[in-house]
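S.K.: Hey, dropping coords31.cif in here, mmCIF, C-alpha atoms:
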```
data_entry
#
loop_
_atom_site.label_atom_id
_atom_site.label_comp_id
_atom_site.auth_asym_id
_atom_site.auth_seq_id
_atom_site.Cartn_x
_atom_site.Cartn_y
_atom_site.Cartn_z
CA MET K 1204 -1.13 -26.81 19.27
CA LYS K 1205 -1.71 -29.82 17.01
CA GLN K 1206 0.71 -31.85 14.89
CA GLY K 1207 1.03 -30.19 11.47
CA ASP K 1208 -0.28 -26.75 12.53
CA LEU K 1209 1.47 -23.81 10.88
CA ILE K 1210 3.29 -21.60 13.37
CA LEU K 1211 5.33 -18.42 13.05
CA LEU K 1212 8.43 -17.85 15.19
CA VAL K 1213 9.72 -14.27 15.30
CA SER K 1214 13.26 -13.52 16.46
CA PRO K 1215 14.26 -10.48 18.59
CA LYS K 1216 15.49 -8.83 15.36
CA GLY K 1217 12.22 -9.51 13.55
CA LYS K 1218 13.32 -12.46 11.43
CA ARG K 1219 10.39 -14.76 10.79
CA TYR K 1220 10.36 -18.56 10.61
CA LEU K 1221 7.21 -20.17 9.18
CA ARG K 1222 7.16 -23.85 10.13
CA ARG K 1223 4.81 -26.80 10.63
CA PHE K 1224 4.55 -27.91 14.23
CA ASP K 1225 6.13 -31.25 15.08
CA GLN K 1226 6.78 -32.10 18.72
CA ASP K 1227 10.18 -33.63 17.88
CA THR K 1228 11.51 -30.76 15.72
CA VAL K 1229 14.54 -28.70 16.75
CA LEU K 1230 14.82 -25.39 14.85
CA HIS K 1231 18.37 -24.13 14.27
CA THR K 1232 18.70 -20.35 13.95
CA GLN K 1233 21.53 -17.82 14.14
CA GLU K 1234 20.30 -16.97 17.64
CA GLY K 1235 20.35 -20.54 18.87
CA MET K 1236 18.27 -23.72 18.85
CA ILE K 1237 14.56 -24.00 19.72
CA ARG K 1238 12.90 -27.26 20.75
CA PHE K 1239 9.31 -27.48 19.50
CA SER K 1240 8.37 -29.42 22.63
CA GLU K 1241 8.99 -26.12 24.48
CA VAL K 1242 7.04 -24.24 21.79
CA ALA K 1243 4.05 -26.49 22.56
CA ARG K 1244 4.25 -25.68 26.27
CA ALA K 1245 4.40 -21.93 25.58
CA GLY K 1246 1.54 -22.03 23.05
CA SER K 1247 0.41 -19.52 20.45
CA GLY K 1248 0.99 -15.97 21.69
CA GLY K 1249 3.67 -17.16 24.10
CA ALA K 1250 7.44 -16.96 23.90
CA VAL K 1251 10.29 -19.43 24.01
CA ALA K 1252 14.03 -18.95 24.55
CA THR K 1253 16.78 -20.52 22.45
CA HIS K 1254 19.50 -22.56 24.14
CA ILE K 1255 21.62 -19.39 24.37
CA GLY K 1256 18.83 -17.21 25.76
CA HIS K 1257 17.34 -15.31 22.80
CA VAL K 1258 13.55 -15.00 23.11
CA PHE K 1259 11.30 -15.82 20.13
CA ARG K 1260 7.61 -14.93 19.97
CA ILE K 1261 5.21 -17.70 18.87
CA LEU K 1262 2.37 -16.53 16.59
CA ARG K 1263 -0.41 -17.94 14.47
CA PRO K 1264 0.43 -16.93 10.86
CA THR K 1265 -1.90 -14.64 8.95
CA THR K 1266 -2.62 -14.82 5.21
CA HIS K 1267 -0.03 -12.06 4.79
CA ASP K 1268 2.58 -14.27 6.50
CA LEU K 1269 1.73 -17.23 4.28
CA ILE K 1270 2.06 -15.17 1.10
CA LYS K 1271 5.35 -13.57 2.13
CA GLY K 1272 6.68 -16.99 3.15
CA VAL K 1273 6.24 -18.78 -0.19
CA LYS K 1274 9.34 -20.06 -1.97
CA ARG K 1275 9.84 -17.87 -5.06
CA SER K 1276 11.31 -18.23 -8.50
CA THR K 1277 9.06 -15.47 -9.87
CA GLN K 1278 7.99 -12.09 -8.49
CA ILE K 1279 4.86 -12.65 -6.41
CA MET K 1280 1.99 -10.19 -6.16
CA TYR K 1281 2.37 -7.88 -3.20
CA PRO K 1282 -0.17 -8.10 -0.36
CA LYS K 1283 -1.17 -4.47 -1.05
CA GLU K 1284 -2.53 -5.53 -4.45
CA ILE K 1285 -3.86 -8.90 -3.28
CA GLY K 1286 -6.06 -7.33 -0.60
CA TYR K 1287 -7.76 -5.05 -3.13
CA VAL K 1288 -8.14 -7.90 -5.62
CA ILE K 1289 -9.86 -10.06 -2.99
CA LEU K 1290 -12.42 -7.29 -2.33
CA LYS K 1291 -12.99 -6.25 -5.95
CA LEU K 1292 -13.56 -9.82 -7.13
CA GLY K 1293 -15.83 -10.59 -4.18
CA ILE K 1294 -13.72 -13.52 -3.00
CA GLY K 1295 -15.14 -15.29 0.04
CA PRO K 1296 -16.45 -18.65 1.27
CA GLY K 1297 -18.11 -20.65 -1.50
CA ILE K 1298 -16.77 -18.53 -4.39
CA ARG K 1299 -15.37 -20.28 -7.49
CA VAL K 1300 -12.53 -18.25 -9.01
CA VAL K 1301 -10.32 -18.85 -12.05
CA GLU K 1302 -6.70 -17.68 -12.07
CA SER K 1303 -4.14 -17.84 -14.85
CA GLY K 1304 -0.46 -17.26 -14.26
CA SER K 1305 0.06 -19.25 -11.05
CA GLY K 1306 3.73 -18.25 -10.83
CA SER K 1307 5.05 -19.00 -7.35
CA GLY K 1308 1.52 -19.26 -5.95
CA GLY K 1309 1.26 -16.10 -3.85
CA LEU K 1310 -2.16 -14.99 -5.13
CA THR K 1311 -3.29 -18.62 -5.38
CA THR K 1312 -2.56 -19.02 -1.67
CA ALA K 1313 -4.64 -15.96 -0.76
CA LEU K 1314 -7.53 -17.01 -3.00
CA ALA K 1315 -7.51 -20.54 -1.57
CA TRP K 1316 -7.50 -19.18 1.98
CA HIS K 1317 -10.52 -16.93 1.38
CA VAL K 1318 -12.78 -19.27 -0.67
CA GLY K 1319 -12.81 -21.73 2.24
CA ASP K 1320 -13.62 -25.42 1.98
CA THR K 1321 -16.89 -24.69 0.17
CA GLY K 1322 -15.26 -22.66 -2.63
CA ARG K 1323 -12.74 -23.54 -5.33
CA VAL K 1324 -9.73 -22.01 -7.06
CA TYR K 1325 -8.96 -23.12 -10.63
CA THR K 1326 -5.41 -22.07 -11.47
CA PHE K 1327 -3.67 -22.40 -14.83
CA GLU K 1328 0.09 -22.20 -15.49
CA LYS K 1329 1.72 -23.11 -18.79
CA ARG K 1330 5.35 -23.30 -17.58
CA PRO K 1331 6.09 -26.67 -15.92
CA GLU K 1332 8.64 -25.28 -13.45
CA PHE K 1333 6.19 -22.67 -12.10
CA TYR K 1334 3.37 -25.21 -12.06
CA ALA K 1335 5.50 -27.48 -9.87
CA LEU K 1336 6.65 -24.66 -7.56
CA SER K 1337 3.16 -23.27 -6.95
CA GLY K 1338 2.02 -26.78 -6.08
CA GLU K 1339 4.83 -27.18 -3.55
CA ASN K 1340 3.93 -23.86 -1.92
CA LEU K 1341 0.24 -24.78 -1.67
CA ASP K 1342 1.16 -28.12 -0.12
CA ALA K 1343 3.43 -26.34 2.37
CA VAL K 1344 0.59 -24.20 3.71
CA GLY K 1345 -2.02 -26.97 3.59
CA LEU K 1346 -4.35 -25.41 0.98
CA SER K 1347 -3.96 -27.79 -1.98
CA HIS K 1348 -7.35 -29.40 -1.33
CA ARG K 1349 -9.10 -26.15 -2.29
CA VAL K 1350 -7.29 -25.74 -5.62
CA SER K 1351 -7.62 -27.40 -9.04
CA ARG K 1352 -4.26 -26.97 -10.77
CA HIS K 1353 -3.69 -27.27 -14.52
CA ASN K 1354 -0.39 -27.19 -16.42
CA HIS K 1355 -2.01 -25.66 -19.49
CA ASP K 1356 -1.77 -22.73 -21.94
CA ILE K 1357 -5.06 -20.81 -21.79
CA ALA K 1358 -4.62 -19.79 -25.43
CA GLU K 1359 -6.41 -23.10 -25.99
CA GLY K 1360 -9.17 -22.17 -23.53
CA PHE K 1361 -9.81 -23.12 -19.93
CA TYR K 1362 -10.77 -26.72 -20.68
CA PRO K 1363 -7.69 -28.95 -20.97
CA ASP K 1364 -7.94 -32.74 -20.92
CA SER K 1365 -7.41 -32.62 -17.14
CA VAL K 1366 -10.83 -30.97 -16.66
CA VAL K 1367 -13.67 -33.36 -15.90
CA LYS K 1368 -16.81 -31.74 -17.33
CA GLY K 1369 -19.56 -31.37 -14.74
CA ASP K 1370 -17.25 -32.03 -11.79
CA PRO K 1371 -17.12 -28.83 -9.66
CA ALA K 1372 -13.73 -29.88 -8.27
CA SER K 1373 -12.30 -29.73 -11.79
CA ASP K 1374 -14.67 -27.89 -14.16
CA PRO K 1375 -14.41 -24.05 -13.96
CA THR K 1376 -17.58 -23.40 -16.03
CA ASP K 1377 -19.63 -20.39 -14.82
CA ALA K 1378 -16.93 -19.24 -12.38
CA ASP K 1379 -17.83 -16.35 -10.08
CA ALA K 1380 -14.64 -14.37 -10.80
CA LEU K 1381 -11.43 -14.46 -12.82
CA PHE K 1382 -7.94 -12.96 -12.54
CA LEU K 1383 -5.28 -12.94 -15.26
CA ASP K 1384 -1.62 -12.33 -14.42
CA VAL K 1385 -0.25 -12.91 -17.92
CA ARG K 1386 1.87 -10.79 -20.25
CA THR K 1387 -0.75 -10.27 -23.01
CA PRO K 1388 -4.19 -10.58 -21.38
CA TRP K 1389 -5.89 -8.95 -24.39
CA ASP K 1390 -5.21 -12.16 -26.30
CA TYR K 1391 -7.36 -14.17 -23.89
CA LEU K 1392 -10.52 -12.06 -23.45
CA PRO K 1393 -12.75 -14.48 -25.45
CA GLN K 1394 -11.51 -17.39 -23.32
CA ALA K 1395 -12.13 -15.36 -20.15
CA ALA K 1396 -15.66 -14.41 -21.23
CA ALA K 1397 -16.44 -18.07 -21.96
CA VAL K 1398 -15.48 -19.38 -18.50
CA VAL K 1399 -17.18 -16.87 -16.14
CA ARG K 1400 -20.86 -16.43 -15.40
CA PRO K 1401 -22.72 -13.37 -16.78
CA GLY K 1402 -21.95 -10.27 -14.73
CA ALA K 1403 -18.86 -11.78 -13.08
CA PRO K 1404 -15.97 -9.47 -12.09
CA VAL K 1405 -12.56 -9.97 -13.71
CA GLY K 1406 -9.14 -8.52 -12.92
CA PHE K 1407 -5.74 -8.14 -14.58
CA LEU K 1408 -2.22 -7.29 -13.38
CA LEU K 1409 0.16 -5.47 -15.72
CA PRO K 1410 3.55 -3.80 -15.12
CA THR K 1411 3.55 -1.08 -17.80
CA THR K 1412 1.22 1.63 -19.14
CA ASN K 1413 1.58 0.59 -22.78
CA GLN K 1414 0.26 -2.86 -21.84
CA ILE K 1415 -2.72 -1.20 -20.15
CA SER K 1416 -3.47 0.78 -23.31
CA GLU K 1417 -3.39 -2.42 -25.34
CA LEU K 1418 -5.78 -4.08 -22.90
CA LEU K 1419 -8.14 -1.09 -22.87
CA TRP K 1420 -8.38 -1.13 -26.67
CA ALA K 1421 -9.24 -4.83 -26.56
CA LEU K 1422 -11.80 -4.40 -23.76
CA GLU K 1423 -13.73 -1.91 -25.93
CA ASP K 1424 -14.57 -4.72 -28.37
CA SER K 1425 -15.11 -7.40 -25.70
CA PRO K 1426 -18.08 -8.57 -23.61
CA PHE K 1427 -16.58 -6.72 -20.61
CA GLU K 1428 -17.60 -3.29 -19.29
CA ASP K 1429 -17.33 -1.06 -16.18
CA VAL K 1430 -13.53 -0.77 -16.52
CA GLU K 1431 -11.29 0.56 -13.73
CA VAL K 1432 -7.51 1.18 -13.83
CA LEU K 1433 -5.44 1.89 -10.72
CA GLU K 1434 -2.22 1.36 -8.82
CA ILE K 1435 -1.71 1.05 -5.07
CA LEU K 1436 1.15 2.72 -3.22
CA VAL K 1437 2.16 2.01 0.39
CA ARG K 1438 4.25 4.38 2.51
CA ARG K 1439 5.24 3.12 5.93
CA TYR K 1440 6.20 5.32 8.90
CA LYS K 1441 8.89 4.82 11.48
CA PRO K 1442 7.00 3.70 14.63
CA VAL K 1443 8.95 6.01 16.99
CA PRO K 1444 6.68 8.39 18.97
CA GLU K 1445 9.17 11.22 19.42
CA ARG K 1446 10.24 11.34 15.75
CA LEU K 1447 7.36 9.96 13.70
CA ARG K 1448 8.14 10.29 9.99
CA PRO K 1449 7.97 8.22 6.79
CA GLU K 1450 10.47 5.44 6.17
CA ASP K 1451 13.33 6.35 3.83
CA ARG K 1452 12.05 3.82 1.27
CA MET K 1453 8.56 2.88 0.21
CA VAL K 1454 6.85 0.12 -1.76
CA ALA K 1455 5.66 2.25 -4.65
CA HIS K 1456 4.85 0.93 -8.12
CA THR K 1457 4.71 -2.87 -8.24
CA GLY K 1458 2.03 -3.20 -10.91
CA PHE K 1459 -1.15 -1.75 -12.38
CA LEU K 1460 -4.52 -3.33 -11.68
CA VAL K 1461 -7.35 -3.35 -14.22
CA PHE K 1462 -10.87 -4.50 -13.34
CA ALA K 1463 -14.00 -5.02 -15.41
CA ARG K 1464 -17.24 -6.99 -15.37
CA HIS K 1465 -18.75 -9.41 -17.81
CA GLY K 1466 -21.50 -7.48 -19.57
CA GLY K 1467 -24.14 -10.06 -18.70
CA ARG K 1468 -26.97 -11.49 -20.73
CA ASP K 1469 -29.01 -9.71 -23.40
CA VAL K 1470 -31.52 -7.09 -22.25
CA CYS K 1471 -34.79 -8.60 -21.10
CA PRO K 1472 -37.68 -6.82 -22.91
CA PRO K 1473 -39.96 -4.88 -20.51
CA PRO K 1474 -43.59 -5.90 -20.05
CA PRO K 1475 -46.36 -3.82 -21.67
CA PRO K 1476 -46.98 -0.47 -19.92
CA ALA K 1477 -50.36 -1.70 -18.67
CA ASP K 1478 -48.58 -4.33 -16.55
CA PHE K 1479 -46.79 -1.68 -14.47
CA PRO K 1480 -48.37 -0.52 -11.18
CA GLU K 1481 -49.52 3.07 -10.96
CA SER K 1482 -46.74 4.02 -8.51
CA MET K 1483 -43.18 2.89 -9.13
CA ASP K 1484 -41.71 4.47 -5.95
CA ALA K 1485 -40.28 1.60 -3.93
CA GLY K 1486 -39.25 3.89 -1.06
CA PRO K 1487 -35.76 4.69 0.26
CA SER K 1488 -33.09 2.02 -0.21
CA GLY K 1489 -30.68 3.21 2.46
CA PHE K 1490 -27.77 2.90 0.00
CA PRO K 1491 -25.74 5.90 -1.20
CA ASP K 1492 -26.16 7.19 -4.71
CA GLU K 1493 -23.31 8.47 -6.90
CA SER K 1494 -23.09 11.61 -4.75
CA GLY K 1495 -22.37 9.45 -1.70
CA GLN K 1496 -25.76 10.29 -0.12
CA GLY K 1497 -28.50 7.76 0.50
CA ASP K 1498 -31.94 8.40 -0.95
CA ASP K 1499 -33.34 8.33 2.56
CA ASN K 1500 -30.93 11.03 3.74
CA PRO K 1501 -33.06 13.96 5.06
CA ASP K 1502 -30.19 16.36 4.31
CA ALA K 1503 -29.91 15.33 0.66
CA ALA K 1504 -30.72 17.99 -1.92
CA ASP K 1505 -34.14 17.81 -3.64
#
```
In structure tokens, what does this structure look like?
M.R.:
Amino acid sequence: MKQGDLILLVSPKGKRYLRRFDQDTVLHTQEGMIRFSEVARAGSGGAVATHIGHVFRILRPTTHDLIKGVKRSTQIMYPKEIGYVILKLGIGPGIRVVESGSGSGGLTTALAWHVGDTGRVYTFEKRPEFYALSGENLDAVGLSHRVSRHNHDIAEGFYPDSVVKGDPASDPTDADALFLDVRTPWDYLPQAAAVVRPGAPVGFLLPTTNQISELLWALEDSPFEDVEVLEILVRRYKPVPERLRPEDRMVAHTGFLVFARHGGRDVCPPPPPADFPESMDAGPSGFPDESGQGDDNPDAAD
């Protein structure tokens, strides 16, 4: 365990303490004091007792823990939405993604974690207090070096004076993906289309159905296509073998997600028919078609 590593201490009652490791730290909790020198001896996956005997488990925090641990002055996106957003936008090492509506930095944290040191997150927030808070939260989890932050209203586009043209650490041009968590995303579709590469996926978070309708109308006259609208519900179960049943409460509606793709470049004209080979059958691809069956599936219908 190294100086500055993030660690998670979990109490017997399940209360979680996300802290940076410092050999000289003493953590004060309602169940007693914990010396981090003893945490170091126990190591990740071990356990340590407080001075009055309560045992805390020592864990390496996951992305979920980092997101739930951010200091909030706004409602953060729930992990159930963030996980789907990460997959739909294709976020991974080396990806350059634009985000607007930093808020408290929950989604920014997840994006920064997944793009790795070879990727980049460009996040825009027009309210100074949220801009400052999201920066503090990124600093707290050690991910600021992967994020370009701009205190800027995207109504004026994604190129404020703080952007250095041609510098990949600052310039979001031809981003691989974009996500808007703003109240009226339909107002910013031209700006969104101008900052992402052709064919790039984009996503939106909205709380109400009338906002979705407004966005759908705007998307019809935009460069975006392949639209999807959904919400994600999570129902947890009581983990008791002899009386397994759902929890009394569930995390139901927390927002609607809308996804689309930039329509791409103009159609490339085909070559003259004489330039095509006699047989165009490239053989089975191994990938499923719309029916869910691959074209090399021997059981597929003719």
S.K.: With the cut-off set at 10 Å and counting all atoms listed in the file, tabulate each residue of stretch 1235-1325 of chain K with an atom at most that distance from an atom of stretch 1344-1348 of chain K, showing the nearest atom pair and its distance in Å to one decimal, ordered by chain and increasing number, as CSV.
M.R.:
```
residue,atom,partner,partner_atom,distance
K:Leu1269,CA,K:Val1344,CA,7.1
K:Ile1270,CA,K:Val1344,CA,9.5
K:Gly1272,CA,K:Val1344,CA,9.5
K:Val1273,CA,K:Val1344,CA,8.7
K:Thr1311,CA,K:Leu1346,CA,9.4
K:Thr1312,CA,K:Leu1346,CA,7.1
K:Ala1313,CA,K:Leu1346,CA,9.6
K:Leu1314,CA,K:Leu1346,CA,9.8
K:Ala1315,CA,K:Leu1346,CA,6.3
K:Trp1316,CA,K:Leu1346,CA,7.1
K:Gly1319,CA,K:Leu1346,CA,9.3
K:Asp1320,CA,K:His1348,CA,8.1
K:Arg1323,CA,K:His1348,CA,8.9
K:Val1324,CA,K:Ser1347,CA,9.6
```
S.K.: Find the residue from K:Met1453, K:Ala1335, K:Met1280, K:Leu1422 that sits nearest to K:Asp1390; use all atoms listed in the file when measuring.
M.R.: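 Counting all atoms listed in the file, the residue closest to K:Asp1390 is K:Leu1422.
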S.K.: Taking the file as shown, find all residues satisfying the PyMOL selection byres ((chain K and resi 1264) around 8) and write them as a PyMOL selection string.
M.R.: chain K and resi 1209-1211+1221+1262-1263+1265-1269
S.K.: Print the selection's residues with C-alpha atoms to a file, as a PDB file, in the coordinates of the input.
M.R.:
```pdb
ATOM      1  CA  LEU K1209       1.470 -23.810  10.880  1.00  0.00           C
ATOM      2  CA  ILE K1210       3.290 -21.600  13.370  1.00  0.00           C
ATOM      3  CA  LEU K1211       5.330 -18.420  13.050  1.00  0.00           C
ATOM      4  CA  LEU K1221       7.210 -20.170   9.180  1.00  0.00           C
ATOM      5  CA  LEU K1262       2.370 -16.530  16.590  1.00  0.00           C
ATOM      6  CA  ARG K1263      -0.410 -17.940  14.470  1.00  0.00           C
ATOM      7  CA  THR K1265      -1.900 -14.640   8.950  1.00  0.00           C
ATOM      8  CA  THR K1266      -2.620 -14.820   5.210  1.00  0.00           C
ATOM      9  CA  HIS K1267      -0.030 -12.060   4.790  1.00  0.00           C
ATOM     10  CA  ASP K1268       2.580 -14.270   6.500  1.00  0.00           C
ATOM     11  CA  LEU K1269       1.730 -17.230   4.280  1.00  0.00           C
TER      12      LEU K1269
END
```
S.K.: Kindly resolve the PyMOL selection byres ((chain K and resi 1230) around 12) on the present coordinates and return the residues as a short mmCIF file (atom, residue, chain, number, x, y, z; two decimals) with C-alpha atoms, in the coordinates of the input.
M.R.:
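In the end it all went to result05.cif:
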```cif
data_model
loop_
_atom_site.label_atom_id
_atom_site.label_comp_id
_atom_site.auth_asym_id
_atom_site.auth_seq_id
_atom_site.Cartn_x
_atom_site.Cartn_y
_atom_site.Cartn_z
CA LEU K 1211 5.33 -18.42 13.05
CA LEU K 1212 8.43 -17.85 15.19
CA TYR K 1220 10.36 -18.56 10.61
CA LEU K 1221 7.21 -20.17 9.18
CA ARG K 1222 7.16 -23.85 10.13
CA ARG K 1223 4.81 -26.80 10.63
CA PHE K 1224 4.55 -27.91 14.23
CA ASP K 1225 6.13 -31.25 15.08
CA GLN K 1226 6.78 -32.10 18.72
CA ASP K 1227 10.18 -33.63 17.88
CA THR K 1228 11.51 -30.76 15.72
CA VAL K 1229 14.54 -28.70 16.75
CA HIS K 1231 18.37 -24.13 14.27
CA THR K 1232 18.70 -20.35 13.95
CA GLN K 1233 21.53 -17.82 14.14
CA GLU K 1234 20.30 -16.97 17.64
CA GLY K 1235 20.35 -20.54 18.87
CA MET K 1236 18.27 -23.72 18.85
CA ILE K 1237 14.56 -24.00 19.72
CA ARG K 1238 12.90 -27.26 20.75
CA PHE K 1239 9.31 -27.48 19.50
CA SER K 1240 8.37 -29.42 22.63
CA GLU K 1241 8.99 -26.12 24.48
CA VAL K 1242 7.04 -24.24 21.79
CA VAL K 1251 10.29 -19.43 24.01
CA ALA K 1252 14.03 -18.95 24.55
CA THR K 1253 16.78 -20.52 22.45
CA HIS K 1254 19.50 -22.56 24.14
CA PHE K 1259 11.30 -15.82 20.13
#
```
S.K.: Of the candidates K:Leu1436, K:Val1258, K:Ala1378, K:Val1461, which one gets nearest to K:Glu1417 if we count all atoms listed in the file?
M.R.: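 Using all atoms listed in the file, the shortest distance to K:Glu1417 belongs to K:Val1461.
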S.K.: What is the atom CA of K:Leu1447 to atom CA of K:Lys1218 distance in Å?
M.R.: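 Interatomic distance, atom CA of K:Leu1447 to atom CA of K:Lys1218: 23.3 Å.
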S.K.: Given only C-alpha atoms as the basis, pick out the residue of K:His1355, K:His1465, K:Lys1216, K:Arg1275 nearest to K:Glu1339.
M.R.: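 Of the candidates, the smallest distance to K:Glu1339 is held by K:Arg1275.
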S.K.: Output stretch 1398-1420 of chain K with N, CA and C atoms present, as a PDB file, keeping the file's coordinate frame.
M.R.:
```
ATOM      1  N   VAL K1398     -15.607 -18.541 -19.700  1.00  0.00           N
ATOM      2  CA  VAL K1398     -15.480 -19.380 -18.500  1.00  0.00           C
ATOM      3  C   VAL K1398     -16.188 -18.793 -17.281  1.00  0.00           C
ATOM      4  N   VAL K1399     -16.528 -17.483 -17.303  1.00  0.00           N
ATOM      5  CA  VAL K1399     -17.180 -16.870 -16.140  1.00  0.00           C
ATOM      6  C   VAL K1399     -18.677 -16.729 -16.391  1.00  0.00           C
ATOM      7  N   ARG K1400     -19.423 -16.617 -15.297  1.00  0.00           N
ATOM      8  CA  ARG K1400     -20.860 -16.430 -15.400  1.00  0.00           C
ATOM      9  C   ARG K1400     -21.171 -14.990 -15.843  1.00  0.00           C
ATOM     10  N   PRO K1401     -22.352 -14.738 -16.402  1.00  0.00           N
ATOM     11  CA  PRO K1401     -22.720 -13.370 -16.780  1.00  0.00           C
ATOM     12  C   PRO K1401     -22.669 -12.430 -15.585  1.00  0.00           C
ATOM     13  N   GLY K1402     -22.054 -11.267 -15.788  1.00  0.00           N
ATOM     14  CA  GLY K1402     -21.950 -10.270 -14.730  1.00  0.00           C
ATOM     15  C   GLY K1402     -20.780 -10.454 -13.800  1.00  0.00           C
ATOM     16  N   ALA K1403     -19.963 -11.486 -13.999  1.00  0.00           N
ATOM     17  CA  ALA K1403     -18.860 -11.780 -13.080  1.00  0.00           C
ATOM     18  C   ALA K1403     -17.756 -10.724 -13.178  1.00  0.00           C
ATOM     19  N   PRO K1404     -17.102 -10.389 -12.050  1.00  0.00           N
ATOM     20  CA  PRO K1404     -15.970  -9.470 -12.090  1.00  0.00           C
ATOM     21  C   PRO K1404     -14.692 -10.173 -12.548  1.00  0.00           C
ATOM     22  N   VAL K1405     -13.845  -9.434 -13.258  1.00  0.00           N
ATOM     23  CA  VAL K1405     -12.560  -9.970 -13.710  1.00  0.00           C
ATOM     24  C   VAL K1405     -11.480  -8.933 -13.390  1.00  0.00           C
ATOM     25  N   GLY K1406     -10.245  -9.405 -13.223  1.00  0.00           N
ATOM     26  CA  GLY K1406      -9.140  -8.520 -12.920  1.00  0.00           C
ATOM     27  C   GLY K1406      -7.893  -8.900 -13.682  1.00  0.00           C
ATOM     28  N   PHE K1407      -6.976  -7.930 -13.838  1.00  0.00           N
ATOM     29  CA  PHE K1407      -5.740  -8.140 -14.580  1.00  0.00           C
ATOM     30  C   PHE K1407      -4.609  -7.405 -13.848  1.00  0.00           C
ATOM     31  N   LEU K1408      -3.410  -7.965 -13.902  1.00  0.00           N
ATOM     32  CA  LEU K1408      -2.220  -7.290 -13.380  1.00  0.00           C
ATOM     33  C   LEU K1408      -1.246  -7.069 -14.522  1.00  0.00           C
ATOM     34  N   LEU K1409      -0.778  -5.805 -14.662  1.00  0.00           N
ATOM     35  CA  LEU K1409       0.160  -5.470 -15.720  1.00  0.00           C
ATOM     36  C   LEU K1409       1.226  -4.519 -15.177  1.00  0.00           C
ATOM     37  N   PRO K1410       2.481  -4.647 -15.654  1.00  0.00           N
ATOM     38  CA  PRO K1410       3.550  -3.800 -15.120  1.00  0.00           C
ATOM     39  C   PRO K1410       3.729  -2.455 -15.814  1.00  0.00           C
ATOM     40  N   THR K1411       3.248  -2.299 -17.062  1.00  0.00           N
ATOM     41  CA  THR K1411       3.550  -1.080 -17.800  1.00  0.00           C
ATOM     42  C   THR K1411       2.292  -0.430 -18.375  1.00  0.00           C
ATOM     43  N   THR K1412       2.379   0.889 -18.628  1.00  0.00           N
ATOM     44  CA  THR K1412       1.220   1.630 -19.140  1.00  0.00           C
ATOM     45  C   THR K1412       0.892   1.264 -20.585  1.00  0.00           C
ATOM     46  N   ASN K1413       1.897   0.947 -21.397  1.00  0.00           N
ATOM     47  CA  ASN K1413       1.580   0.590 -22.780  1.00  0.00           C
ATOM     48  C   ASN K1413       0.799  -0.724 -22.850  1.00  0.00           C
ATOM     49  N   GLN K1414       1.059  -1.625 -21.891  1.00  0.00           N
ATOM     50  CA  GLN K1414       0.260  -2.860 -21.840  1.00  0.00           C
ATOM     51  C   GLN K1414      -1.186  -2.544 -21.440  1.00  0.00           C
ATOM     52  N   ILE K1415      -1.361  -1.582 -20.531  1.00  0.00           N
ATOM     53  CA  ILE K1415      -2.720  -1.200 -20.150  1.00  0.00           C
ATOM     54  C   ILE K1415      -3.466  -0.641 -21.348  1.00  0.00           C
ATOM     55  N   SER K1416      -2.828   0.211 -22.121  1.00  0.00           N
ATOM     56  CA  SER K1416      -3.470   0.780 -23.310  1.00  0.00           C
ATOM     57  C   SER K1416      -3.914  -0.325 -24.261  1.00  0.00           C
ATOM     58  N   GLU K1417      -3.049  -1.303 -24.459  1.00  0.00           N
ATOM     59  CA  GLU K1417      -3.390  -2.420 -25.340  1.00  0.00           C
ATOM     60  C   GLU K1417      -4.611  -3.172 -24.816  1.00  0.00           C
ATOM     61  N   LEU K1418      -4.646  -3.379 -23.498  1.00  0.00           N
ATOM     62  CA  LEU K1418      -5.780  -4.080 -22.900  1.00  0.00           C
ATOM     63  C   LEU K1418      -7.056  -3.251 -23.018  1.00  0.00           C
ATOM     64  N   LEU K1419      -6.957  -1.938 -22.796  1.00  0.00           N
ATOM     65  CA  LEU K1419      -8.140  -1.090 -22.870  1.00  0.00           C
ATOM     66  C   LEU K1419      -8.743  -1.087 -24.275  1.00  0.00           C
ATOM     67  N   TRP K1420      -7.872  -1.053 -25.294  1.00  0.00           N
ATOM     68  CA  TRP K1420      -8.380  -1.130 -26.670  1.00  0.00           C
ATOM     69  C   TRP K1420      -9.144  -2.433 -26.883  1.00  0.00           C
TER      70      TRP K1420
END
```
